[in-house]
$ cat upload.json   # JSON, C-alpha atoms and all ligand atoms
[["chain", "number", "residue", "atom", "x", "y", "z"],
["A", 1, "MET", "CA", -27.34, -24.23, -25.01],
["A", 2, "THR", "CA", -24.43, -22.74, -23.07],
["A", 3, "ALA", "CA", -25.16, -19.92, -20.64],
["A", 4, "GLU", "CA", -23.83, -16.52, -21.61],
["A", 5, "LYS", "CA", -21.16, -14.96, -19.40],
["A", 6, "VAL", "CA", -21.92, -11.28, -18.90],
["A", 7, "VAL", "CA", -19.29, -10.42, -16.31],
["A", 8, "GLU", "CA", -15.86, -12.02, -16.08],
["A", 9, "ILE", "CA", -13.55, -11.04, -13.27],
["A", 10, "GLN", "CA", -10.15, -12.45, -14.13],
["A", 11, "ASN", "CA", -7.66, -12.52, -11.31],
["A", 12, "ILE", "CA", -7.97, -8.87, -10.33],
["A", 13, "SER", "CA", -6.04, -7.08, -7.61],
["A", 14, "MET", "CA", -6.47, -3.50, -6.50],
["A", 15, "ASN", "CA", -3.94, -1.44, -4.61],
["A", 16, "TYR", "CA", -4.88, 2.05, -3.47],
["A", 17, "HIS", "CA", -1.97, 4.44, -3.04],
["A", 18, "THR", "CA", -2.43, 7.36, -0.67],
["A", 19, "LEU", "CA", -0.12, 9.66, 1.26],
["A", 20, "ASP", "CA", -0.54, 7.30, 4.23],
["A", 21, "GLY", "CA", 0.65, 4.29, 2.26],
["A", 22, "GLU", "CA", -0.72, 1.45, 0.25],
["A", 23, "THR", "CA", -3.94, -0.53, 0.79],
["A", 24, "LEU", "CA", -4.47, -3.87, -0.87],
["A", 25, "ALA", "CA", -8.25, -3.78, -1.31],
["A", 26, "ILE", "CA", -8.58, -6.87, -3.55],
["A", 27, "HIS", "CA", -6.15, -9.72, -4.02],
["A", 28, "ASN", "CA", -6.49, -12.14, -6.94],
["A", 29, "LEU", "CA", -10.26, -12.18, -7.23],
["A", 30, "SER", "CA", -11.91, -14.20, -10.00],
["A", 31, "PHE", "CA", -15.54, -15.04, -10.70],
["A", 32, "ASP", "CA", -18.03, -15.13, -13.55],
["A", 33, "VAL", "CA", -21.63, -14.02, -13.66],
["A", 34, "TYR", "CA", -24.02, -15.48, -16.21],
["A", 35, "LYS", "CA", -26.96, -13.78, -17.91],
["A", 36, "GLY", "CA", -30.00, -13.57, -15.65],
["A", 37, "GLU", "CA", -28.13, -14.52, -12.49],
["A", 38, "ILE", "CA", -28.65, -12.53, -9.33],
["A", 39, "ILE", "CA", -25.72, -13.02, -7.00],
["A", 40, "VAL", "CA", -24.80, -11.65, -3.62],
["A", 41, "ILE", "CA", -21.24, -11.15, -2.45],
["A", 42, "VAL", "CA", -20.97, -11.13, 1.32],
["A", 43, "GLY", "CA", -17.95, -9.97, 3.27],
["A", 44, "PRO", "CA", -17.00, -7.78, 6.22],
["A", 45, "SER", "CA", -16.63, -4.03, 5.97],
["A", 46, "GLY", "CA", -13.44, -3.03, 4.19],
["A", 47, "CYS", "CA", -12.86, -6.35, 2.39],
["A", 48, "GLY", "CA", -13.09, -4.70, -1.03],
["A", 49, "LYS", "CA", -16.73, -5.23, -2.06],
["A", 50, "SER", "CA", -17.38, -1.67, -3.28],
["A", 51, "THR", "CA", -14.01, -1.71, -5.02],
["A", 52, "ALA", "CA", -15.00, -4.87, -6.89],
["A", 53, "LEU", "CA", -18.26, -3.25, -8.06],
["A", 54, "SER", "CA", -16.41, -0.11, -9.10],
["A", 55, "THR", "CA", -14.09, -2.14, -11.33],
["A", 56, "ILE", "CA", -17.12, -3.70, -13.04],
["A", 57, "SER", "CA", -18.80, -0.32, -13.54],
["A", 58, "GLY", "CA", -15.55, 1.10, -14.95],
["A", 59, "LEU", "CA", -15.26, 3.78, -12.26],
["A", 60, "ILE", "CA", -11.83, 2.39, -11.39],
["A", 61, "LYS", "CA", -9.34, 0.20, -13.20],
["A", 62, "PRO", "CA", -7.84, -2.73, -11.28],
["A", 63, "SER", "CA", -4.08, -2.61, -10.61],
["A", 64, "SER", "CA", -3.79, -6.00, -12.29],
["A", 65, "GLY", "CA", -6.09, -8.53, -13.91],
["A", 66, "LYS", "CA", -9.00, -8.00, -16.25],
["A", 67, "VAL", "CA", -12.71, -7.26, -16.02],
["A", 68, "LEU", "CA", -14.87, -8.13, -19.03],
["A", 69, "VAL", "CA", -18.48, -7.10, -19.49],
["A", 70, "ASN", "CA", -20.32, -8.75, -22.37],
["A", 71, "GLY", "CA", -16.98, -10.07, -23.59],
["A", 72, "GLN", "CA", -15.33, -6.62, -23.80],
["A", 73, "GLU", "CA", -12.64, -5.44, -21.42],
["A", 74, "VAL", "CA", -14.00, -2.61, -19.27],
["A", 75, "GLY", "CA", -12.31, 0.65, -20.20],
["A", 76, "GLY", "CA", -14.55, 3.28, -18.61],
["A", 77, "THR", "CA", -18.14, 3.74, -17.58],
["A", 78, "ASN", "CA", -20.70, 1.81, -19.54],
["A", 79, "LYS", "CA", -24.36, 2.61, -20.18],
["A", 80, "SER", "CA", -25.30, -1.07, -19.98],
["A", 81, "ILE", "CA", -24.54, -1.01, -16.26],
["A", 82, "GLY", "CA", -26.82, 0.47, -13.59],
["A", 83, "TYR", "CA", -25.41, 1.22, -10.15],
["A", 84, "MET", "CA", -27.57, 1.49, -7.03],
["A", 85, "PHE", "CA", -25.91, 2.76, -3.89],
["A", 86, "GLN", "CA", -26.47, 2.49, -0.11],
["A", 87, "LYS", "CA", -28.24, 5.84, -0.06],
["A", 88, "ASP", "CA", -31.02, 6.44, -2.55],
["A", 89, "HIS", "CA", -29.49, 9.77, -3.75],
["A", 90, "LEU", "CA", -32.91, 11.07, -4.76],
["A", 91, "PHE", "CA", -33.02, 14.79, -5.48],
["A", 92, "GLU", "CA", -35.30, 16.30, -2.84],
["A", 93, "TRP", "CA", -36.37, 19.20, -5.06],
["A", 94, "ARG", "CA", -37.54, 16.92, -7.87],
["A", 95, "THR", "CA", -40.79, 14.96, -7.84],
["A", 96, "ILE", "CA", -40.69, 11.15, -7.89],
["A", 97, "MET", "CA", -41.42, 11.12, -11.64],
["A", 98, "SER", "CA", -38.76, 13.67, -12.35],
["A", 99, "ASN", "CA", -36.24, 11.72, -10.23],
["A", 100, "ILE", "CA", -37.06, 8.59, -12.21],
["A", 101, "LEU", "CA", -36.50, 10.36, -15.51],
["A", 102, "ILE", "CA", -33.12, 11.82, -14.58],
["A", 103, "GLY", "CA", -31.01, 8.99, -15.98],
["A", 104, "LEU", "CA", -32.92, 9.13, -19.26],
["A", 105, "GLU", "CA", -32.40, 12.91, -19.40],
["A", 106, "ILE", "CA", -28.66, 12.57, -18.79],
["A", 107, "GLN", "CA", -28.33, 9.85, -21.42],
["A", 108, "ARG", "CA", -30.48, 11.93, -23.81],
["A", 109, "LYS", "CA", -32.92, 9.04, -24.10],
["A", 110, "LEU", "CA", -36.00, 10.86, -22.82],
["A", 111, "ASN", "CA", -38.83, 10.47, -25.33],
["A", 112, "ASP", "CA", -42.49, 9.43, -25.30],
["A", 113, "GLU", "CA", -41.60, 5.75, -25.40],
["A", 114, "THR", "CA", -39.04, 5.78, -22.56],
["A", 115, "LYS", "CA", -41.31, 8.02, -20.49],
["A", 116, "LYS", "CA", -44.15, 5.55, -20.96],
["A", 117, "LYS", "CA", -41.90, 2.71, -19.85],
["A", 118, "ALA", "CA", -41.00, 4.70, -16.71],
["A", 119, "GLU", "CA", -44.71, 5.29, -16.04],
["A", 120, "GLN", "CA", -45.33, 1.54, -16.43],
["A", 121, "LEU", "CA", -42.57, 0.72, -13.95],
["A", 122, "LEU", "CA", -44.10, 3.15, -11.43],
["A", 123, "GLU", "CA", -47.50, 1.59, -11.99],
["A", 124, "MET", "CA", -46.23, -1.97, -11.78],
["A", 125, "TYR", "CA", -44.36, -1.39, -8.54],
["A", 126, "GLY", "CA", -47.09, 0.47, -6.69],
["A", 127, "LEU", "CA", -45.76, 4.02, -6.94],
["A", 128, "ALA", "CA", -47.92, 5.54, -9.67],
["A", 129, "GLU", "CA", -50.08, 7.50, -7.22],
["A", 130, "PHE", "CA", -46.94, 9.05, -5.72],
["A", 131, "LYS", "CA", -45.41, 10.28, -8.97],
["A", 132, "ASN", "CA", -46.05, 13.94, -8.15],
["A", 133, "TYR", "CA", -44.87, 13.63, -4.54],
["A", 134, "TYR", "CA", -41.44, 14.71, -3.36],
["A", 135, "PRO", "CA", -38.96, 12.18, -1.88],
["A", 136, "SER", "CA", -39.39, 13.56, 1.66],
["A", 137, "GLN", "CA", -43.07, 12.52, 1.53],
["A", 138, "LEU", "CA", -42.16, 8.83, 1.01],
["A", 139, "SER", "CA", -41.00, 6.15, 3.45],
["A", 140, "GLY", "CA", -37.43, 4.81, 3.32],
["A", 141, "GLY", "CA", -38.58, 1.61, 1.66],
["A", 142, "MET", "CA", -40.54, 3.45, -1.02],
["A", 143, "ARG", "CA", -37.54, 5.71, -1.69],
["A", 144, "GLN", "CA", -35.35, 2.65, -2.29],
["A", 145, "ARG", "CA", -37.95, 1.31, -4.71],
["A", 146, "VAL", "CA", -37.90, 4.67, -6.54],
["A", 147, "ALA", "CA", -34.09, 4.47, -6.69],
["A", 148, "LEU", "CA", -34.32, 1.00, -8.23],
["A", 149, "ILE", "CA", -36.93, 2.10, -10.78],
["A", 150, "ARG", "CA", -34.74, 5.10, -11.69],
["A", 151, "THR", "CA", -31.88, 2.65, -12.33],
["A", 152, "LEU", "CA", -34.14, 0.29, -14.32],
["A", 153, "ALA", "CA", -35.62, 3.13, -16.42],
["A", 154, "VAL", "CA", -32.44, 3.42, -18.48],
["A", 155, "GLU", "CA", -32.68, -0.32, -19.16],
["A", 156, "PRO", "CA", -29.25, -1.49, -18.03],
["A", 157, "ASP", "CA", -28.28, -5.11, -18.76],
["A", 158, "ILE", "CA", -26.49, -5.45, -15.45],
["A", 159, "LEU", "CA", -27.34, -3.98, -12.07],
["A", 160, "LEU", "CA", -24.79, -3.39, -9.36],
["A", 161, "LEU", "CA", -26.28, -2.95, -5.89],
["A", 162, "ASP", "CA", -24.01, -1.71, -3.12],
["A", 163, "GLU", "CA", -25.64, -2.45, 0.26],
["A", 164, "PRO", "CA", -28.96, -1.13, -1.01],
["A", 165, "PHE", "CA", -30.85, -1.88, 2.21],
["A", 166, "SER", "CA", -28.36, -0.70, 4.79],
["A", 167, "ALA", "CA", -30.12, 2.61, 5.44],
["A", 168, "LEU", "CA", -33.43, 0.88, 6.23],
["A", 169, "ASP", "CA", -34.75, -0.44, 9.54],
["A", 170, "TYR", "CA", -34.93, -4.22, 9.92],
["A", 171, "GLN", "CA", -38.65, -4.70, 9.17],
["A", 172, "THR", "CA", -38.48, -2.44, 6.11],
["A", 173, "ARG", "CA", -35.34, -4.07, 4.75],
["A", 174, "LEU", "CA", -37.00, -7.49, 4.84],
["A", 175, "SER", "CA", -39.92, -6.32, 2.74],
["A", 176, "VAL", "CA", -37.81, -4.11, 0.44],
["A", 177, "ALA", "CA", -35.31, -6.96, -0.09],
["A", 178, "ASP", "CA", -38.17, -9.20, -1.08],
["A", 179, "GLU", "CA", -39.70, -6.58, -3.38],
["A", 180, "ILE", "CA", -36.39, -5.75, -5.04],
["A", 181, "GLY", "CA", -35.60, -9.45, -5.53],
["A", 182, "THR", "CA", -39.00, -9.91, -7.16],
["A", 183, "ILE", "CA", -38.55, -6.85, -9.41],
["A", 184, "LEU", "CA", -35.11, -8.02, -10.57],
["A", 185, "LYS", "CA", -36.38, -11.50, -11.34],
["A", 186, "LYS", "CA", -39.42, -10.16, -13.17],
["A", 187, "GLU", "CA", -37.31, -7.77, -15.25],
["A", 188, "ARG", "CA", -34.89, -10.67, -15.95],
["A", 189, "LYS", "CA", -31.87, -8.60, -14.97],
["A", 190, "THR", "CA", -28.40, -9.80, -14.19],
["A", 191, "ALA", "CA", -27.52, -8.35, -10.81],
["A", 192, "ILE", "CA", -24.61, -8.34, -8.40],
["A", 193, "MET", "CA", -25.28, -7.17, -4.88],
["A", 194, "VAL", "CA", -22.66, -6.66, -2.19],
["A", 195, "THR", "CA", -23.39, -6.58, 1.51],
["A", 196, "HIS", "CA", -21.67, -7.08, 4.85],
["A", 197, "ASP", "CA", -24.91, -8.45, 6.27],
["A", 198, "ILE", "CA", -25.42, -12.14, 5.73],
["A", 199, "SER", "CA", -29.12, -11.86, 6.57],
["A", 200, "ASP", "CA", -29.60, -9.52, 3.57],
["A", 201, "ALA", "CA", -28.25, -12.26, 1.35],
["A", 202, "ILE", "CA", -30.29, -15.01, 2.95],
["A", 203, "CYS", "CA", -33.59, -13.14, 3.03],
["A", 204, "LEU", "CA", -33.29, -12.44, -0.68],
["A", 205, "LYS", "CA", -33.28, -16.14, -1.50],
["A", 206, "TRP", "CA", -30.92, -15.28, -4.33],
["A", 207, "LEU", "CA", -27.85, -17.29, -5.24],
["A", 208, "PRO", "CA", -25.18, -16.14, -2.82],
["A", 209, "ILE", "CA", -21.45, -16.27, -3.39],
["A", 210, "PHE", "CA", -19.47, -16.00, -0.19],
["A", 211, "TYR", "CA", -16.27, -14.16, -0.70],
["A", 212, "ARG", "CA", -13.89, -12.88, 1.86],
["A", 213, "TYR", "CA", -10.44, -11.46, 1.54],
["A", 214, "THR", "CA", -8.24, -11.90, 4.59],
["A", 301, "LIG", "N1", -10.29, 5.64, -2.89],
["A", 301, "LIG", "C1", -9.62, 4.96, -1.95],
["A", 301, "LIG", "N2", -8.38, 5.33, -1.58],
["A", 301, "LIG", "C2", -7.69, 4.62, -0.66],
["A", 301, "LIG", "N3", -8.16, 3.52, -0.04],
["A", 301, "LIG", "C3", -9.39, 3.12, -0.37],
["A", 301, "LIG", "C4", -10.19, 3.80, -1.33],
["A", 301, "LIG", "N4", -11.37, 3.15, -1.46],
["A", 301, "LIG", "C5", -11.32, 2.11, -0.61],
["A", 301, "LIG", "N5", -10.13, 2.09, 0.05],
["A", 301, "LIG", "C6", -9.71, 1.07, 1.03],
["A", 301, "LIG", "O1", -9.77, -0.20, 0.40],
["A", 301, "LIG", "C7", -10.31, -1.16, 1.28],
["A", 301, "LIG", "C8", -11.55, -1.77, 0.67],
["A", 301, "LIG", "O2", -12.56, -0.75, 0.60],
["A", 301, "LIG", "P1", -14.02, -1.01, 0.00],
["A", 301, "LIG", "O3", -14.81, 0.24, 0.19],
["A", 301, "LIG", "O4", -13.89, -1.58, -1.35],
["A", 301, "LIG", "O5", -14.54, -2.17, 0.99],
["A", 301, "LIG", "P2", -16.01, -2.63, 1.32],
["A", 301, "LIG", "O6", -15.92, -4.07, 1.58],
["A", 301, "LIG", "O7", -16.96, -2.16, 0.29],
["A", 301, "LIG", "O8", -16.28, -1.88, 2.69],
["A", 301, "LIG", "P3", -17.54, -1.04, 3.19],
["A", 301, "LIG", "O9", -18.67, -2.00, 3.29],
["A", 301, "LIG", "O10", -17.09, -0.51, 4.50],
["A", 301, "LIG", "O11", -17.74, 0.06, 2.15],
["A", 301, "LIG", "C9", -10.56, -0.46, 2.61],
["A", 301, "LIG", "O12", -9.45, -0.68, 3.45],
["A", 301, "LIG", "C10", -10.66, 1.00, 2.21],
["A", 301, "LIG", "O13", -10.22, 1.84, 3.26]]

$ encode --input "upload.json" --output "structure tokens" --more "lines below"
Ligand SMILES: Nc1ncnc2c1ncn2[C@@H]1O[C@H](COP(=O)(O)OP(=O)(O)OP(=O)(O)O)[C@@H](O)[C@H]1O
Amino acid sequence: MTAEKVVEIQNISMNYHTLDGETLAIHNLSFDVYKGEIIVIVGPSGCGKSTALSTISGLIKPSSGKVLVNGQEVGGTNKSIGYMFQKDHLFEWRTIMSNILIGLEIQRKLNDETKKKAEQLLEMYGLAEFKNYYPSQLSGGMRQRVALIRTLAVEPDILLLDEPFSALDYQTRLSVADEIGTILKKERKTAIMVTHDISDAICLKWLPIFYRYT
């Protein structure tokens, strides 16, 4: 059986044009990601990692080349993709449960079944007893776990993680990295993480791709 390609990056380049001039953020980048793979792209700050993720999510279109997700060229944002950022972006005035349900509300998918699934995720990942707490009552590591569960609640096929541990202290990031790696494997998600920190990639024991544009 041949493995299924879910993301195909075909020779993409990205030029940003601003009043100050032109920035070549990505130059001729190509790679494929197969179903169920969890890969890490490591490179220094400014080498174009976030830009690469944004082309996959459809937030931006590359200046040249193609990005395919599930065999279709990306032409805008796509509900099959979940994006988790450096900061957890939890809404402080909403409880943990209500933060977790926000994606479902926005996508008009909130019903008894999806709510139950969200409850199960909270239960499974040790946050059920905190569902009525507010984000400020949780530790940084727990907040990142909530952010991941919020992303998983809408059941994306592909997860994009942009330096998801960078706001955490070293001890916490080790345990959160481990937890998040375990959650992604258990949920059988395809995931692409970008980081400037090689130790993040190594401590995850995922399959790293080392990419650097110079
Ligand atoms: N919207 C934009 N307009 C102009 N230039 C941009 C824009 N976004 C990114 N850039 C530039 O493109 C280059 C790549 O940025 P990008 O954020 O993709 O890199 P990165 O590797 O994710 O870095 P970091 O880890 O610091 O976020 C940088 O030089 C950045 O200044």

$ residues_around --input "upload.json" --residues "Asn78 of chain A" --least-positions-apart "5" --cutoff "12 Å" --atoms "all atoms listed in the file" --output "list in words"
Ser54, Thr55, Ile56, Ser57, Gly58, Leu59, Leu68, Val69, Asn70, Gln72, Glu73, Tyr83, Gln107, Val154, Pro156, Asp157, Ile158 and Leu159 of chain A

$ axis_aligned_box --input "upload.json" --around "segment 40-46 of chain A" --padding-each-side "4 Å" --output "lines of an AutoDock Vina configuration file"
center_x = -19.1
center_y = -7.3
center_z = 1.3
size_x = 19.4
size_y = 16.6
size_z = 17.8

$ atom_distance --input "upload.json" --atom1 "atom CA of Ile102 of chain A" --atom2 "atom CA of Tyr125 of chain A"
18.4 Å

$ closest_residue --input "upload.json" --among "A:Gln86, A:Ile9, A:Gly75, A:Gln171" --to "ligand LIG 301 (chain A)" --atoms "all atoms listed in the file"
A:Gln86

$ residues_near_ligand --input "upload.json" --ligand "ligand LIG 301 (chain A)" --cutoff "7 Å" --atoms "all atoms listed in the file" --output "CSV table (one decimal) with C-alpha atoms, in the frame of the given file"
chain,number,residue,atom,x,y,z
A,16,TYR,CA,-4.9,2.0,-3.5
A,17,HIS,CA,-2.0,4.4,-3.0
A,18,THR,CA,-2.4,7.4,-0.7
A,23,THR,CA,-3.9,-0.5,0.8
A,24,LEU,CA,-4.5,-3.9,-0.9
A,25,ALA,CA,-8.2,-3.8,-1.3
A,43,GLY,CA,-18.0,-10.0,3.3
A,44,PRO,CA,-17.0,-7.8,6.2
A,45,SER,CA,-16.6,-4.0,6.0
A,46,GLY,CA,-13.4,-3.0,4.2
A,47,CYS,CA,-12.9,-6.4,2.4
A,48,GLY,CA,-13.1,-4.7,-1.0
A,49,LYS,CA,-16.7,-5.2,-2.1
A,50,SER,CA,-17.4,-1.7,-3.3
A,51,THR,CA,-14.0,-1.7,-5.0
A,52,ALA,CA,-15.0,-4.9,-6.9
A,195,THR,CA,-23.4,-6.6,1.5
A,196,HIS,CA,-21.7,-7.1,4.8

$ residues_near_point --input "upload.json" --point "(-33.8, 9.5, -10.2)" --cutoff "9 Å" --atoms "all atoms listed in the file" --output "list in words"
Asp88, His89, Leu90, Phe91, Arg94, Ile96, Met97, Ser98, Asn99, Ile100, Leu101, Ile102, Gly103, Val146, Ala147, Leu148, Ile149, Arg150 and Thr151 of chain A

$ residues_near_point --input "upload.json" --point "(-26.4, -10.8, -16.1)" --cutoff "10 Å" --atoms "all atoms listed in the file" --output "list in words"
Glu4, Lys5, Val6, Val7, Asp32, Val33, Tyr34, Lys35, Gly36, Glu37, Ile38, Ile39, Val69, Asn70, Ile81, Pro156, Asp157, Ile158, Leu159, Arg188, Lys189, Thr190, Ala191 and Ile192 of chain A

$ write_last_selection --input "upload.json" --atoms "C-alpha atoms" --output "PDB file, in the coordinates of the input"
ATOM      1  CA  GLU A   4     -23.830 -16.520 -21.610  1.00  0.00           C
ATOM      2  CA  LYS A   5     -21.160 -14.960 -19.400  1.00  0.00           C
ATOM      3  CA  VAL A   6     -21.920 -11.280 -18.900  1.00  0.00           C
ATOM      4  CA  VAL A   7     -19.290 -10.420 -16.310  1.00  0.00           C
ATOM      5  CA  ASP A  32     -18.030 -15.130 -13.550  1.00  0.00           C
ATOM      6  CA  VAL A  33     -21.630 -14.020 -13.660  1.00  0.00           C
ATOM      7  CA  TYR A  34     -24.020 -15.480 -16.210  1.00  0.00           C
ATOM      8  CA  LYS A  35     -26.960 -13.780 -17.910  1.00  0.00           C
ATOM      9  CA  GLY A  36     -30.000 -13.570 -15.650  1.00  0.00           C
ATOM     10  CA  GLU A  37     -28.130 -14.520 -12.490  1.00  0.00           C
ATOM     11  CA  ILE A  38     -28.650 -12.530  -9.330  1.00  0.00           C
ATOM     12  CA  ILE A  39     -25.720 -13.020  -7.000  1.00  0.00           C
ATOM     13  CA  VAL A  69     -18.480  -7.100 -19.490  1.00  0.00           C
ATOM     14  CA  ASN A  70     -20.320  -8.750 -22.370  1.00  0.00           C
ATOM     15  CA  ILE A  81     -24.540  -1.010 -16.260  1.00  0.00           C
ATOM     16  CA  PRO A 156     -29.250  -1.490 -18.030  1.00  0.00           C
ATOM     17  CA  ASP A 157     -28.280  -5.110 -18.760  1.00  0.00           C
ATOM     18  CA  ILE A 158     -26.490  -5.450 -15.450  1.00  0.00           C
ATOM     19  CA  LEU A 159     -27.340  -3.980 -12.070  1.00  0.00           C
ATOM     20  CA  ARG A 188     -34.890 -10.670 -15.950  1.00  0.00           C
ATOM     21  CA  LYS A 189     -31.870  -8.600 -14.970  1.00  0.00           C
ATOM     22  CA  THR A 190     -28.400  -9.800 -14.190  1.00  0.00           C
ATOM     23  CA  ALA A 191     -27.520  -8.350 -10.810  1.00  0.00           C
ATOM     24  CA  ILE A 192     -24.610  -8.340  -8.400  1.00  0.00           C
TER      25      ILE A 192
END

$ atom_distance --input "upload.json" --atom1 "atom CA of Glu187 of chain A" --atom2 "atom CA of Leu121 of chain A"
10.1 Å

$ atom_distance --input "upload.json" --atom1 "atom CA of Ile183 of chain A" --atom2 "atom CA of Met124 of chain A"
9.4 Å

$ residues_around --input "upload.json" --residues "Gln137 of chain A" --least-positions-apart "4" --cutoff "10 Å" --atoms "all atoms listed in the file" --output "list in words"
Glu92, Thr95, Ile96, Phe130, Tyr133, Met142 and Arg143 of chain A

$ closest_residue --input "upload.json" --among "A:Thr114, A:Asn15, A:Gln120, A:Ser199" --to "Ile60 of chain A" --atoms "only C-alpha atoms"
A:Asn15

$ closest_residue --input "upload.json" --among "A:Leu104, A:Glu22, A:Pro62, A:Val40" --to "Gln10 of chain A" --atoms "only C-alpha atoms"
A:Pro62

$ closest_residue --input "upload.json" --among "A:Gly140, A:Arg145, A:Ala153, A:Leu160" --to "Gly126 of chain A" --atoms "all atoms listed in the file"
A:Arg145

$ residues_around --input "upload.json" --residues "Ser64 of chain A" --least-positions-apart "2" --cutoff "7 Å" --atoms "all atoms listed in the file" --output "PyMOL selection string"
chain A and resi 12-14+62+66
